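Data first, discussion second: the structure below is written as structure tokens.
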Amino acid sequence: MTKTLLFLSMFSSIFAFSQEDLLKDIDTIQTNTSNTSPPAFKALQIVTGQSTKLTAKNEWYIVVAHRFGDVSTGFKDFFGLDDASTKLGVIYGVTDGLSLSLSRETNMKTFELGAKYKLLKQNQNFPVDLVGYNVMAINTDLDKDNYPHLQFGDRLSYLTQALISRRFNENFSLQLSPSYVHKNLYEPNVEDNNQFLAGLGGRYKISKRISINAEYFVNFDSHSFYKNPLSLGMDIETGGHVFQLLFSNSQLNSDIGYLTNATGKWEKGQIFFGFNLYRVF
């Protein structure tokens, strides 16, 4: 209950409360009315969680995301550099308000198909951007040696999110991300098949091309073995792409894996260094 009240209070602050410095080949979403606010975020993700930014119509993005191993292992694994997980993906803007994505992560050999779509736009008459995001994940790492009665449907899991952001000024944006995850195959001793989460993320611009980002998700699955994902990152805007450096207690790059399978403990130094790289065509 305390966590719920905390997130409700943070959410209420969004409603209580340009210089477009990113190169044109990245920030191609243009406003067509004078009373429409610019995008709250410059990158498609805040850190690992999705932001309310979408691709422009007919625009292709190549996404490369990399997470090294646990830095607390020290020199044994060269501070995590010996153990890494990589995600490769593509995103296509069907329209300015709809994009489709396909990605594959090495950890758990997971494919994800996603759809991201704008529902409402922040302007003088409406205080926030509202974007929907849906994912279907396919875990191809499961095998019948461990699951003799495995069906294709058992490999599937689903994510539904409402992404609600507000751009307060050219330097500061906040986002609330209520989320629902359903897993067809799950371990009842460590998690539920239906999981509800609430996420809060933000971006603060510290220079012309650099911002500091942070996000935290609370999982309301009361008996989950896994930890709440907490991540800190930095956006660096360069020629032709956005580069994000980050630290997180979740090594997984996939949306569902990141939200529901975080294992690290920040207080014990069990964190994972990584990066996200976007290239637009």
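Quick note on naming: the chains in the structure tokens go A, B, ... in the order shown, residues restart at 1 in each chain, and ligands are numbered from 1 in order of appearance.
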Quick one: which region 131-173 of chain A residues come within 9 Å of region 248-255 of chain A, and what is the nearest atom pair for each with the distance in Å to one decimal, counting only C-alpha atoms, rows ordered by chain and ascending number, as a Markdown table?
| residue | atom | partner | partner_atom | distance |
| --- | --- | --- | --- | --- |
| A:Val135 | CA | A:Asp255 | CA | 7.9 |
| A:Ala137 | CA | A:Ser254 | CA | 8.5 |
| A:Leu159 | CA | A:Asp255 | CA | 7.9 |
Just write the chosen residues, C-alpha atoms, as a PDB file, in the first residue's frame.
ATOM      1  CA  VAL A 135       4.644  -6.723 -26.971  1.00  0.00           C
ATOM      2  CA  ALA A 137       7.624 -12.318 -26.695  1.00  0.00           C
ATOM      3  CA  LEU A 159       3.179  -6.927 -22.218  1.00  0.00           C
TER       4      LEU A 159
END
* Selection: 6 Å around region 185-193 of chain A, only C-alpha atoms, excl. self and same-chain fewer than 6 positions, as a ChimeraX atom specification -> /A:154,224-225
Just to be explicit: take each residue in the selection above, keep N, CA, C and O atoms, and write the result as a PDB file, in the first residue's frame.
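selection29.pdb written:
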ATOM      1  N   ASP A 154       3.248 -22.124 -24.892  1.00  0.00           N
ATOM      2  CA  ASP A 154       3.959 -21.978 -23.620  1.00  0.00           C
ATOM      3  C   ASP A 154       5.150 -21.033 -23.738  1.00  0.00           C
ATOM      4  O   ASP A 154       5.637 -20.515 -22.731  1.00  0.00           O
ATOM      5  N   SER A 224       7.223 -12.452  -5.692  1.00  0.00           N
ATOM      6  CA  SER A 224       8.208 -12.614  -6.758  1.00  0.00           C
ATOM      7  C   SER A 224       9.618 -12.741  -6.192  1.00  0.00           C
ATOM      8  O   SER A 224      10.016 -12.019  -5.281  1.00  0.00           O
ATOM      9  N   PHE A 225      10.387 -13.668  -6.763  1.00  0.00           N
ATOM     10  CA  PHE A 225      11.795 -13.839  -6.414  1.00  0.00           C
ATOM     11  C   PHE A 225      12.637 -12.689  -6.961  1.00  0.00           C
ATOM     12  O   PHE A 225      13.689 -12.357  -6.421  1.00  0.00           O
TER      13      PHE A 225
END
What parts of region 106-240 of chain A does DSSP call strand (DSSP E or B)? I'd like the answer as an mmCIF file with N, CA, C and O atoms, in the first residue's frame.
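Contents of selection-v9.cif, freshly written:
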data_model
loop_
_atom_site.group_PDB
_atom_site.id
_atom_site.type_symbol
_atom_site.label_atom_id
_atom_site.label_comp_id
_atom_site.auth_asym_id
_atom_site.auth_seq_id
_atom_site.Cartn_x
_atom_site.Cartn_y
_atom_site.Cartn_z
ATOM 1 N N THR A 110 15.275 -14.744 -26.881
ATOM 2 C CA THR A 110 13.914 -14.226 -26.920
ATOM 3 C C THR A 110 13.697 -13.298 -28.116
ATOM 4 O O THR A 110 14.450 -12.346 -28.323
ATOM 5 N N PHE A 111 12.654 -13.585 -28.890
ATOM 6 C CA PHE A 111 12.176 -12.681 -29.929
ATOM 7 C C PHE A 111 11.020 -11.864 -29.366
ATOM 8 O O PHE A 111 10.178 -12.397 -28.626
ATOM 9 N N GLU A 112 10.978 -10.583 -29.734
ATOM 10 C CA GLU A 112 9.859 -9.740 -29.323
ATOM 11 C C GLU A 112 9.305 -8.981 -30.526
ATOM 12 O O GLU A 112 10.053 -8.386 -31.295
ATOM 13 N N LEU A 113 7.969 -9.033 -30.668
ATOM 14 C CA LEU A 113 7.255 -8.244 -31.667
ATOM 15 C C LEU A 113 6.472 -7.173 -30.917
ATOM 16 O O LEU A 113 5.736 -7.483 -29.977
ATOM 17 N N GLY A 114 6.643 -5.913 -31.333
ATOM 18 C CA GLY A 114 6.025 -4.824 -30.600
ATOM 19 C C GLY A 114 5.278 -3.851 -31.490
ATOM 20 O O GLY A 114 5.586 -3.693 -32.676
ATOM 21 N N ALA A 115 4.289 -3.183 -30.902
ATOM 22 C CA ALA A 115 3.545 -2.109 -31.555
ATOM 23 C C ALA A 115 3.446 -0.948 -30.576
ATOM 24 O O ALA A 115 3.077 -1.132 -29.408
ATOM 25 N N LYS A 116 3.780 0.234 -31.066
ATOM 26 C CA LYS A 116 3.759 1.442 -30.243
ATOM 27 C C LYS A 116 2.916 2.481 -30.977
ATOM 28 O O LYS A 116 3.140 2.725 -32.174
ATOM 29 N N TYR A 117 1.967 3.108 -30.283
ATOM 30 C CA TYR A 117 1.014 3.962 -30.974
ATOM 31 C C TYR A 117 0.597 5.132 -30.079
ATOM 32 O O TYR A 117 0.391 4.989 -28.880
ATOM 33 N N LYS A 118 0.517 6.298 -30.705
ATOM 34 C CA LYS A 118 0.161 7.513 -29.975
ATOM 35 C C LYS A 118 -1.349 7.619 -29.860
ATOM 36 O O LYS A 118 -2.077 7.468 -30.843
ATOM 37 N N LEU A 119 -1.820 7.900 -28.648
ATOM 38 C CA LEU A 119 -3.242 8.068 -28.387
ATOM 39 C C LEU A 119 -3.621 9.529 -28.206
ATOM 40 O O LEU A 119 -4.626 9.986 -28.750
ATOM 41 N N LEU A 120 -2.813 10.272 -27.438
ATOM 42 C CA LEU A 120 -3.079 11.687 -27.199
ATOM 43 C C LEU A 120 -1.765 12.445 -27.155
ATOM 44 O O LEU A 120 -0.738 11.899 -26.732
ATOM 45 N N ASN A 123 -0.577 19.266 -25.380
ATOM 46 C CA ASN A 123 -0.749 20.579 -26.011
ATOM 47 C C ASN A 123 -1.351 21.532 -24.994
ATOM 48 O O ASN A 123 -1.422 21.209 -23.798
ATOM 49 N N PHE A 126 -4.302 19.736 -23.296
ATOM 50 C CA PHE A 126 -4.143 18.419 -22.674
ATOM 51 C C PHE A 126 -2.755 18.331 -22.070
ATOM 52 O O PHE A 126 -1.762 18.649 -22.735
ATOM 53 N N ASP A 129 1.429 13.531 -22.941
ATOM 54 C CA ASP A 129 1.422 12.593 -24.059
ATOM 55 C C ASP A 129 0.945 11.236 -23.541
ATOM 56 O O ASP A 129 1.356 10.800 -22.456
ATOM 57 N N LEU A 130 0.115 10.562 -24.303
ATOM 58 C CA LEU A 130 -0.364 9.226 -23.944
ATOM 59 C C LEU A 130 -0.089 8.286 -25.112
ATOM 60 O O LEU A 130 -0.588 8.494 -26.225
ATOM 61 N N VAL A 131 0.718 7.263 -24.852
ATOM 62 C CA VAL A 131 1.129 6.302 -25.875
ATOM 63 C C VAL A 131 0.860 4.891 -25.375
ATOM 64 O O VAL A 131 1.097 4.584 -24.198
ATOM 65 N N GLY A 132 0.364 4.037 -26.244
ATOM 66 C CA GLY A 132 0.180 2.629 -25.914
ATOM 67 C C GLY A 132 1.333 1.799 -26.458
ATOM 68 O O GLY A 132 1.910 2.126 -27.500
ATOM 69 N N TYR A 133 1.652 0.724 -25.743
ATOM 70 C CA TYR A 133 2.751 -0.154 -26.176
ATOM 71 C C TYR A 133 2.380 -1.591 -25.860
ATOM 72 O O TYR A 133 2.015 -1.916 -24.722
ATOM 73 N N ASN A 134 2.446 -2.462 -26.869
ATOM 74 C CA ASN A 134 2.126 -3.877 -26.709
ATOM 75 C C ASN A 134 3.246 -4.737 -27.279
ATOM 76 O O ASN A 134 3.793 -4.424 -28.335
ATOM 77 N N VAL A 135 3.568 -5.817 -26.573
ATOM 78 C CA VAL A 135 4.644 -6.723 -26.971
ATOM 79 C C VAL A 135 4.173 -8.160 -26.841
ATOM 80 O O VAL A 135 3.484 -8.518 -25.875
ATOM 81 N N MET A 136 4.567 -8.986 -27.810
ATOM 82 C CA MET A 136 4.464 -10.435 -27.679
ATOM 83 C C MET A 136 5.874 -10.994 -27.766
ATOM 84 O O MET A 136 6.595 -10.734 -28.725
ATOM 85 N N ALA A 137 6.279 -11.741 -26.751
ATOM 86 C CA ALA A 137 7.624 -12.318 -26.695
ATOM 87 C C ALA A 137 7.554 -13.826 -26.908
ATOM 88 O O ALA A 137 6.600 -14.490 -26.477
ATOM 89 N N ILE A 138 8.588 -14.360 -27.575
ATOM 90 C CA ILE A 138 8.691 -15.793 -27.833
ATOM 91 C C ILE A 138 10.027 -16.278 -27.277
ATOM 92 O O ILE A 138 11.093 -15.899 -27.775
ATOM 93 N N ASN A 139 9.979 -17.107 -26.256
ATOM 94 C CA ASN A 139 11.188 -17.647 -25.636
ATOM 95 C C ASN A 139 11.579 -18.924 -26.370
ATOM 96 O O ASN A 139 10.991 -19.990 -26.155
ATOM 97 N N LEU A 156 5.127 -18.170 -25.133
ATOM 98 C CA LEU A 156 4.672 -16.805 -25.330
ATOM 99 C C LEU A 156 4.436 -16.069 -24.015
ATOM 100 O O LEU A 156 3.993 -16.648 -23.025
ATOM 101 N N SER A 157 4.742 -14.793 -24.034
ATOM 102 C CA SER A 157 4.377 -13.892 -22.940
ATOM 103 C C SER A 157 4.011 -12.545 -23.550
ATOM 104 O O SER A 157 4.387 -12.237 -24.697
ATOM 105 N N TYR A 158 3.284 -11.735 -22.784
ATOM 106 C CA TYR A 158 2.698 -10.527 -23.343
ATOM 107 C C TYR A 158 2.892 -9.342 -22.389
ATOM 108 O O TYR A 158 2.875 -9.507 -21.165
ATOM 109 N N LEU A 159 3.044 -8.168 -22.981
ATOM 110 C CA LEU A 159 3.179 -6.927 -22.218
ATOM 111 C C LEU A 159 2.230 -5.884 -22.782
ATOM 112 O O LEU A 159 2.155 -5.696 -24.006
ATOM 113 N N THR A 160 1.522 -5.202 -21.888
ATOM 114 C CA THR A 160 0.692 -4.058 -22.253
ATOM 115 C C THR A 160 1.073 -2.896 -21.346
ATOM 116 O O THR A 160 1.120 -3.050 -20.124
ATOM 117 N N GLN A 161 1.365 -1.733 -21.959
ATOM 118 C CA GLN A 161 1.754 -0.558 -21.187
ATOM 119 C C GLN A 161 0.991 0.672 -21.667
ATOM 120 O O GLN A 161 0.708 0.819 -22.854
ATOM 121 N N ALA A 162 0.697 1.546 -20.718
ATOM 122 C CA ALA A 162 0.249 2.898 -21.019
ATOM 123 C C ALA A 162 1.384 3.832 -20.617
ATOM 124 O O ALA A 162 1.782 3.868 -19.452
ATOM 125 N N LEU A 163 1.940 4.554 -21.578
ATOM 126 C CA LEU A 163 3.064 5.455 -21.335
ATOM 127 C C LEU A 163 2.533 6.884 -21.277
ATOM 128 O O LEU A 163 1.985 7.386 -22.262
ATOM 129 N N ILE A 164 2.683 7.515 -20.120
ATOM 130 C CA ILE A 164 2.081 8.831 -19.871
ATOM 131 C C ILE A 164 3.191 9.791 -19.481
ATOM 132 O O ILE A 164 3.775 9.684 -18.400
ATOM 133 N N SER A 165 3.523 10.731 -20.367
ATOM 134 C CA SER A 165 4.654 11.620 -20.109
ATOM 135 C C SER A 165 4.217 13.082 -20.171
ATOM 136 O O SER A 165 3.229 13.441 -20.826
ATOM 137 N N ARG A 166 5.004 13.908 -19.496
ATOM 138 C CA ARG A 166 4.801 15.355 -19.561
ATOM 139 C C ARG A 166 6.157 16.032 -19.717
ATOM 140 O O ARG A 166 7.092 15.755 -18.971
ATOM 141 N N ARG A 167 6.234 16.926 -20.686
ATOM 142 C CA ARG A 167 7.422 17.751 -20.900
ATOM 143 C C ARG A 167 7.194 19.071 -20.166
ATOM 144 O O ARG A 167 6.410 19.915 -20.595
ATOM 145 N N PHE A 172 13.439 19.219 -18.717
ATOM 146 C CA PHE A 172 12.914 18.247 -17.757
ATOM 147 C C PHE A 172 11.625 17.616 -18.241
ATOM 148 O O PHE A 172 10.680 18.320 -18.632
ATOM 149 N N SER A 173 11.588 16.252 -18.216
ATOM 150 C CA SER A 173 10.385 15.486 -18.560
ATOM 151 C C SER A 173 10.215 14.332 -17.580
ATOM 152 O O SER A 173 11.196 13.784 -17.068
ATOM 153 N N LEU A 174 8.961 13.954 -17.325
ATOM 154 C CA LEU A 174 8.636 12.811 -16.474
ATOM 155 C C LEU A 174 7.674 11.884 -17.200
ATOM 156 O O LEU A 174 6.901 12.324 -18.059
ATOM 157 N N GLN A 175 7.707 10.612 -16.824
ATOM 158 C CA GLN A 175 6.796 9.640 -17.424
ATOM 159 C C GLN A 175 6.353 8.607 -16.401
ATOM 160 O O GLN A 175 7.153 8.098 -15.625
ATOM 161 N N LEU A 176 5.073 8.290 -16.423
ATOM 162 C CA LEU A 176 4.501 7.194 -15.648
ATOM 163 C C LEU A 176 4.168 6.056 -16.595
ATOM 164 O O LEU A 176 3.645 6.297 -17.688
ATOM 165 N N SER A 177 4.478 4.807 -16.188
ATOM 166 C CA SER A 177 4.299 3.663 -17.082
ATOM 167 C C SER A 177 3.596 2.509 -16.370
ATOM 168 O O SER A 177 4.225 1.522 -15.966
ATOM 169 N N PRO A 178 2.274 2.572 -16.179
ATOM 170 C CA PRO A 178 1.549 1.407 -15.668
ATOM 171 C C PRO A 178 1.643 0.254 -16.660
ATOM 172 O O PRO A 178 1.475 0.456 -17.868
ATOM 173 N N SER A 179 1.921 -0.955 -16.151
ATOM 174 C CA SER A 179 2.252 -2.084 -17.028
ATOM 175 C C SER A 179 1.584 -3.365 -16.547
ATOM 176 O O SER A 179 1.396 -3.574 -15.340
ATOM 177 N N TYR A 180 1.271 -4.220 -17.505
ATOM 178 C CA TYR A 180 0.701 -5.544 -17.212
ATOM 179 C C TYR A 180 1.443 -6.586 -18.043
ATOM 180 O O TYR A 180 1.614 -6.428 -19.254
ATOM 181 N N VAL A 181 1.903 -7.643 -17.373
ATOM 182 C CA VAL A 181 2.622 -8.742 -18.030
ATOM 183 C C VAL A 181 1.868 -10.045 -17.774
ATOM 184 O O VAL A 181 1.469 -10.331 -16.633
ATOM 185 N N HIS A 182 1.704 -10.830 -18.829
ATOM 186 C CA HIS A 182 1.133 -12.176 -18.701
ATOM 187 C C HIS A 182 2.101 -13.178 -19.295
ATOM 188 O O HIS A 182 2.574 -13.006 -20.429
ATOM 189 N N LYS A 183 2.415 -14.241 -18.532
ATOM 190 C CA LYS A 183 3.294 -15.308 -18.998
ATOM 191 C C LYS A 183 2.508 -16.606 -19.070
ATOM 192 O O LYS A 183 1.910 -17.040 -18.080
ATOM 193 N N ASN A 194 0.354 -13.524 -13.977
ATOM 194 C CA ASN A 194 -0.124 -12.163 -14.232
ATOM 195 C C ASN A 194 0.573 -11.213 -13.277
ATOM 196 O O ASN A 194 0.499 -11.386 -12.056
ATOM 197 N N GLN A 195 1.240 -10.202 -13.812
ATOM 198 C CA GLN A 195 1.997 -9.272 -12.986
ATOM 199 C C GLN A 195 1.663 -7.837 -13.372
ATOM 200 O O GLN A 195 1.621 -7.500 -14.559
ATOM 201 N N PHE A 196 1.446 -7.016 -12.360
ATOM 202 C CA PHE A 196 1.149 -5.604 -12.553
ATOM 203 C C PHE A 196 2.320 -4.784 -12.019
ATOM 204 O O PHE A 196 2.834 -5.044 -10.929
ATOM 205 N N LEU A 197 2.731 -3.783 -12.790
ATOM 206 C CA LEU A 197 3.855 -2.945 -12.412
ATOM 207 C C LEU A 197 3.496 -1.474 -12.619
ATOM 208 O O LEU A 197 2.635 -1.130 -13.440
ATOM 209 N N ALA A 198 4.179 -0.614 -11.871
ATOM 210 C CA ALA A 198 4.082 0.832 -12.075
ATOM 211 C C ALA A 198 5.489 1.379 -12.189
ATOM 212 O O ALA A 198 6.340 1.112 -11.342
ATOM 213 N N GLY A 199 5.736 2.130 -13.248
ATOM 214 C CA GLY A 199 7.072 2.668 -13.477
ATOM 215 C C GLY A 199 7.072 4.185 -13.502
ATOM 216 O O GLY A 199 6.106 4.814 -13.965
ATOM 217 N N LEU A 200 8.132 4.766 -13.004
ATOM 218 C CA LEU A 200 8.326 6.213 -13.069
ATOM 219 C C LEU A 200 9.700 6.477 -13.654
ATOM 220 O O LEU A 200 10.703 5.905 -13.206
ATOM 221 N N GLY A 201 9.779 7.322 -14.676
ATOM 222 C CA GLY A 201 11.052 7.638 -15.305
ATOM 223 C C GLY A 201 11.133 9.107 -15.646
ATOM 224 O O GLY A 201 10.109 9.803 -15.747
ATOM 225 N N GLY A 202 12.351 9.580 -15.829
ATOM 226 C CA GLY A 202 12.513 10.985 -16.146
ATOM 227 C C GLY A 202 13.807 11.274 -16.861
ATOM 228 O O GLY A 202 14.721 10.441 -16.927
ATOM 229 N N ARG A 203 13.886 12.477 -17.406
ATOM 230 C CA ARG A 203 15.043 12.948 -18.167
ATOM 231 C C ARG A 203 15.323 14.391 -17.764
ATOM 232 O O ARG A 203 14.414 15.218 -17.692
ATOM 233 N N TYR A 204 16.624 14.668 -17.507
ATOM 234 C CA TYR A 204 17.009 16.047 -17.226
ATOM 235 C C TYR A 204 18.217 16.393 -18.087
ATOM 236 O O TYR A 204 19.264 15.735 -18.016
ATOM 237 N N LYS A 205 18.082 17.406 -18.893
ATOM 238 C CA LYS A 205 19.119 17.814 -19.825
ATOM 239 C C LYS A 205 20.169 18.661 -19.104
ATOM 240 O O LYS A 205 19.845 19.663 -18.456
ATOM 241 N N ILE A 206 21.438 18.252 -19.199
ATOM 242 C CA ILE A 206 22.500 18.959 -18.490
ATOM 243 C C ILE A 206 23.412 19.749 -19.420
ATOM 244 O O ILE A 206 24.206 20.565 -18.966
ATOM 245 N N SER A 207 23.323 19.507 -20.721
ATOM 246 C CA SER A 207 24.074 20.280 -21.698
ATOM 247 C C SER A 207 23.343 20.196 -23.029
ATOM 248 O O SER A 207 22.290 19.566 -23.132
ATOM 249 N N ILE A 210 23.514 16.329 -23.994
ATOM 250 C CA ILE A 210 23.595 15.279 -22.976
ATOM 251 C C ILE A 210 22.465 15.446 -21.968
ATOM 252 O O ILE A 210 22.171 16.560 -21.519
ATOM 253 N N SER A 211 21.829 14.336 -21.602
ATOM 254 C CA SER A 211 20.834 14.339 -20.539
ATOM 255 C C SER A 211 21.091 13.166 -19.604
ATOM 256 O O SER A 211 21.666 12.145 -19.987
ATOM 257 N N ILE A 212 20.648 13.320 -18.360
ATOM 258 C CA ILE A 212 20.693 12.253 -17.362
ATOM 259 C C ILE A 212 19.293 11.676 -17.222
ATOM 260 O O ILE A 212 18.318 12.415 -17.052
ATOM 261 N N ASN A 213 19.176 10.348 -17.307
ATOM 262 C CA ASN A 213 17.891 9.668 -17.253
ATOM 263 C C ASN A 213 17.848 8.680 -16.086
ATOM 264 O O ASN A 213 18.879 8.145 -15.684
ATOM 265 N N ALA A 214 16.645 8.409 -15.600
ATOM 266 C CA ALA A 214 16.472 7.410 -14.535
ATOM 267 C C ALA A 214 15.075 6.817 -14.644
ATOM 268 O O ALA A 214 14.131 7.483 -15.102
ATOM 269 N N GLU A 215 14.950 5.554 -14.223
ATOM 270 C CA GLU A 215 13.630 4.917 -14.193
ATOM 271 C C GLU A 215 13.600 3.837 -13.124
ATOM 272 O O GLU A 215 14.626 3.220 -12.794
ATOM 273 N N TYR A 216 12.403 3.617 -12.583
ATOM 274 C CA TYR A 216 12.209 2.603 -11.535
ATOM 275 C C TYR A 216 10.828 2.003 -11.696
ATOM 276 O O TYR A 216 9.841 2.726 -11.880
ATOM 277 N N PHE A 217 10.751 0.669 -11.638
ATOM 278 C CA PHE A 217 9.483 -0.032 -11.738
ATOM 279 C C PHE A 217 9.226 -0.817 -10.453
ATOM 280 O O PHE A 217 10.110 -1.538 -9.976
ATOM 281 N N VAL A 218 8.035 -0.673 -9.905
ATOM 282 C CA VAL A 218 7.593 -1.477 -8.775
ATOM 283 C C VAL A 218 6.722 -2.609 -9.306
ATOM 284 O O VAL A 218 5.747 -2.366 -10.030
ATOM 285 N N ASN A 219 7.087 -3.841 -8.984
ATOM 286 C CA ASN A 219 6.296 -5.010 -9.360
ATOM 287 C C ASN A 219 5.432 -5.397 -8.159
ATOM 288 O O ASN A 219 5.941 -5.683 -7.084
ATOM 289 N N LYS A 227 13.759 -8.799 -8.502
ATOM 290 C CA LYS A 227 13.858 -7.471 -7.909
ATOM 291 C C LYS A 227 13.136 -6.438 -8.789
ATOM 292 O O LYS A 227 12.871 -6.661 -9.963
ATOM 293 N N LEU A 230 15.749 -0.980 -11.391
ATOM 294 C CA LEU A 230 16.153 0.408 -11.196
ATOM 295 C C LEU A 230 17.338 0.678 -12.120
ATOM 296 O O LEU A 230 18.325 -0.062 -12.089
ATOM 297 N N SER A 231 17.250 1.730 -12.933
ATOM 298 C CA SER A 231 18.288 1.996 -13.928
ATOM 299 C C SER A 231 18.591 3.485 -14.011
ATOM 300 O O SER A 231 17.688 4.325 -13.910
ATOM 301 N N LEU A 232 19.864 3.784 -14.217
ATOM 302 C CA LEU A 232 20.336 5.147 -14.432
ATOM 303 C C LEU A 232 21.064 5.196 -15.765
ATOM 304 O O LEU A 232 21.798 4.259 -16.107
ATOM 305 N N GLY A 233 20.868 6.271 -16.522
ATOM 306 C CA GLY A 233 21.482 6.334 -17.832
ATOM 307 C C GLY A 233 21.818 7.738 -18.254
ATOM 308 O O GLY A 233 21.491 8.726 -17.577
ATOM 309 N N MET A 234 22.454 7.821 -19.414
ATOM 310 C CA MET A 234 22.841 9.101 -20.004
ATOM 311 C C MET A 234 22.590 9.052 -21.499
ATOM 312 O O MET A 234 23.030 8.118 -22.180
ATOM 313 N N ASP A 235 21.851 10.040 -22.021
ATOM 314 C CA ASP A 235 21.660 10.189 -23.461
ATOM 315 C C ASP A 235 22.761 11.074 -24.025
ATOM 316 O O ASP A 235 23.018 12.168 -23.497
ATOM 317 N N ILE A 236 23.391 10.615 -25.096
ATOM 318 C CA ILE A 236 24.392 11.406 -25.803
ATOM 319 C C ILE A 236 23.944 11.516 -27.259
ATOM 320 O O ILE A 236 23.838 10.501 -27.956
ATOM 321 N N GLU A 237 23.646 12.715 -27.707
ATOM 322 C CA GLU A 237 23.168 12.950 -29.068
ATOM 323 C C GLU A 237 24.364 13.236 -29.970
ATOM 324 O O GLU A 237 25.115 14.179 -29.744
ATOM 325 N N THR A 238 24.545 12.391 -30.978
ATOM 326 C CA THR A 238 25.674 12.542 -31.902
ATOM 327 C C THR A 238 25.169 12.466 -33.332
ATOM 328 O O THR A 238 23.987 12.253 -33.580
#
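Here CA of Asn125 (chain A) and CA of Asn169 (chain A) stand 16.3 Å from one another.
Closest approach to Gln50 (chain A) among A:Lys121, A:Ile256, A:Ala262, A:Gly269 is made by A:Ile256 (distances from only C-alpha atoms).
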